[in-house]
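*Asks:* Below: one structure in structure tokens.
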Amino acid sequence: MNPPRLFHLPLDRRRLLRSLLLASGGLVTNELHAEALALTPRATEGPYYPNHLPLDQDNDLTQILGGAAPAGGTVTEFGGRLLKADGSPVAGRVIELWQADVNGCYIHSRGVQRGKERDPHFQGYGKVTTNEKGEYRFRTIRPGLYTGRTIHWHLAVNEGETRLLTTQLFIAGVEQNDRDGILQRMGTPEQRLSVIREFKPPTSGSGELVGTWNIVLGETPEEPEERRGRPGGPPPGGPPPRRP
């Protein structure tokens, strides 16, 4: 059996500080107070959480273990820290990521974009456990667009079998952001700004994108009926599924 692949990229401390400043509206002092960090807003899990998880579930979604080719699309890396509202790190929590591939398709039995095919080289789902500093990181692709939504990633934070947070992450400057009903209903204006992040090439001429995002947890775990949208629903190429 092949050993599991590990993906690790040390965090750029300057990017991390910039992320903290953005998340707190610039209110960073010697001691981070609860009011200095906006809680990451909750969002619906949606209908396409994988109903058949891949065998490969690491935090590099661009290459399936044993696969002969990388996933299509623009390679995108993002990471940061999992924090409490007072700025203290949260270690040992599992962060899940699931998303559409370059064709706008999910690894779900009903998640194939109409007229498209799922990218067989894209993992579609991954997870990582936060380290002692609360750090996490994913290597994935820029999600494909499907009807009725803007470009987004789905993420969840778990402690054992308990779901602590279900949310979504967005890319700054995407035209559909202003019309996306899910995004526009996420928390306060400050909270919405905290989940719209800037992604840029790490170096001049690079074809990849990099972003930084800190996830800030509240105190109350979620209930299943609170986080899930309507199960099933039409494929994303048809009319957009109804979501609460």
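Going by the structure tokens order, chains are called A, B, ..., each with residues numbered from 1, while ligands are numbered from 1 in the order shown.
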Env of A:Ile107: 8 Å cut, atoms = only C-alpha atoms, seq-sep filter 6 positions within chain, self excluded. Answer as number ranges by chain.

*Replies:* A: 48, 50-53, 100, 118, 124-125

*Asks:* Could you take the residues named above and write them with N, CA and C atoms, as a compact mmCIF listing (two decimals), in the first residue's frame?

*Replies:*
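What landed in again.txt:
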# COMPACT_ATOMS: atom_id res chain seq x y z
N TYR A 48 -24.97 19.12 -2.77
CA TYR A 48 -23.94 18.32 -3.43
C TYR A 48 -22.77 17.94 -2.53
N PRO A 50 -20.60 15.34 -1.02
CA PRO A 50 -20.42 14.04 -1.67
C PRO A 50 -21.23 12.92 -1.02
N ASN A 51 -22.00 12.20 -1.85
CA ASN A 51 -22.69 11.02 -1.33
C ASN A 51 -21.90 9.75 -1.64
N HIS A 52 -20.69 9.92 -2.17
CA HIS A 52 -19.73 8.83 -2.29
C HIS A 52 -18.34 9.46 -2.21
N LEU A 53 -17.72 9.37 -1.04
CA LEU A 53 -16.43 10.02 -0.81
C LEU A 53 -15.33 9.30 -1.59
N ALA A 100 -17.03 22.23 -7.00
CA ALA A 100 -17.18 21.86 -8.40
C ALA A 100 -15.81 21.77 -9.07
N ARG A 118 -17.82 15.04 -15.68
CA ARG A 118 -16.98 15.23 -14.50
C ARG A 118 -15.52 14.98 -14.86
N GLY A 124 -12.11 16.38 -5.91
CA GLY A 124 -13.45 16.87 -5.58
C GLY A 124 -13.75 17.09 -4.11
N TYR A 125 -13.01 16.42 -3.24
CA TYR A 125 -13.23 16.50 -1.79
C TYR A 125 -11.89 16.26 -1.11

*Asks:* Report as a PyMOL selection string all protein, DNA and RNA residues lying within 12 Å of A:Arg93, evaluated on only C-alpha atoms, omitting residues in the same chain fewer than 2 positions from it.

*Replies:* chain A and resi 81-83+89-91+95-96+127-136+156-165+215+217

*Asks:* Quick one: residues within 10 Å of stretch 167-182 of chain A, only C-alpha atoms counted, chain neighbours fewer than 2 positions away excluded, as a PyMOL selection string?

*Replies:* chain A and resi 40-46+97-99+142-143+145+148-157+165+184-186+192-199+211+213+215+227+243-244

*Asks:* Please give the complete set of residues from stretch 120-151 of chain A that DSSP, run on the backbone, assigns to strand (DSSP E or B), formatted as a list in words.

*Replies:*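 Answer for stretch 120-151 of chain A, restricted to strand (DSSP E or B): Tyr125, Gly126, Lys127, Val128, Thr129, Glu135, Tyr136, Arg137, Phe138, Arg139, Thr140 and Ile141 of chain A.
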
*Asks:* Would you mind listing what lies within 7 Å of A:Arg139 as an MDAnalysis selection string, with only C-alpha atoms counted and same-chain residues fewer than 3 positions away left out?

*Replies:* chainID A and resid 59:62 76:78

*Asks:* May I have the selected residues written with N, CA and C atoms, as a PDB file, in the first residue's frame?

*Replies:*
ATOM      1  N   ASN A  59      -5.432  16.871   1.418  1.00  0.00           N
ATOM      2  CA  ASN A  59      -5.712  18.281   1.154  1.00  0.00           C
ATOM      3  C   ASN A  59      -5.094  18.799  -0.141  1.00  0.00           C
ATOM      4  N   ASP A  60      -4.636  17.895  -1.009  1.00  0.00           N
ATOM      5  CA  ASP A  60      -4.232  18.246  -2.371  1.00  0.00           C
ATOM      6  C   ASP A  60      -5.232  17.601  -3.326  1.00  0.00           C
ATOM      7  N   LEU A  61      -6.169  18.403  -3.803  1.00  0.00           N
ATOM      8  CA  LEU A  61      -7.238  17.880  -4.646  1.00  0.00           C
ATOM      9  C   LEU A  61      -6.856  17.839  -6.114  1.00  0.00           C
ATOM     10  N   THR A  62      -5.683  18.355  -6.454  1.00  0.00           N
ATOM     11  CA  THR A  62      -5.297  18.476  -7.858  1.00  0.00           C
ATOM     12  C   THR A  62      -4.740  17.189  -8.450  1.00  0.00           C
ATOM     13  N   THR A  76      -5.123  26.441  -7.459  1.00  0.00           N
ATOM     14  CA  THR A  76      -5.362  27.495  -6.473  1.00  0.00           C
ATOM     15  C   THR A  76      -5.065  26.955  -5.086  1.00  0.00           C
ATOM     16  N   GLU A  77      -4.250  27.679  -4.348  1.00  0.00           N
ATOM     17  CA  GLU A  77      -3.924  27.306  -2.971  1.00  0.00           C
ATOM     18  C   GLU A  77      -4.486  28.357  -2.029  1.00  0.00           C
ATOM     19  N   PHE A  78      -5.019  27.886  -0.900  1.00  0.00           N
ATOM     20  CA  PHE A  78      -5.391  28.840   0.147  1.00  0.00           C
ATOM     21  C   PHE A  78      -5.267  28.163   1.501  1.00  0.00           C
TER      22      PHE A  78
END

*Asks:* From a DSSP calculation on the backbone, collect every residue of stretch 60-188 of chain A in helix (DSSP H, G or I) and output the set as a list of chain:residue names.

*Replies:* A:Glu175, A:Gln176, A:Asn177, A:Asp178, A:Arg179, A:Gly181, A:Ile182, A:Leu183, A:Gln184
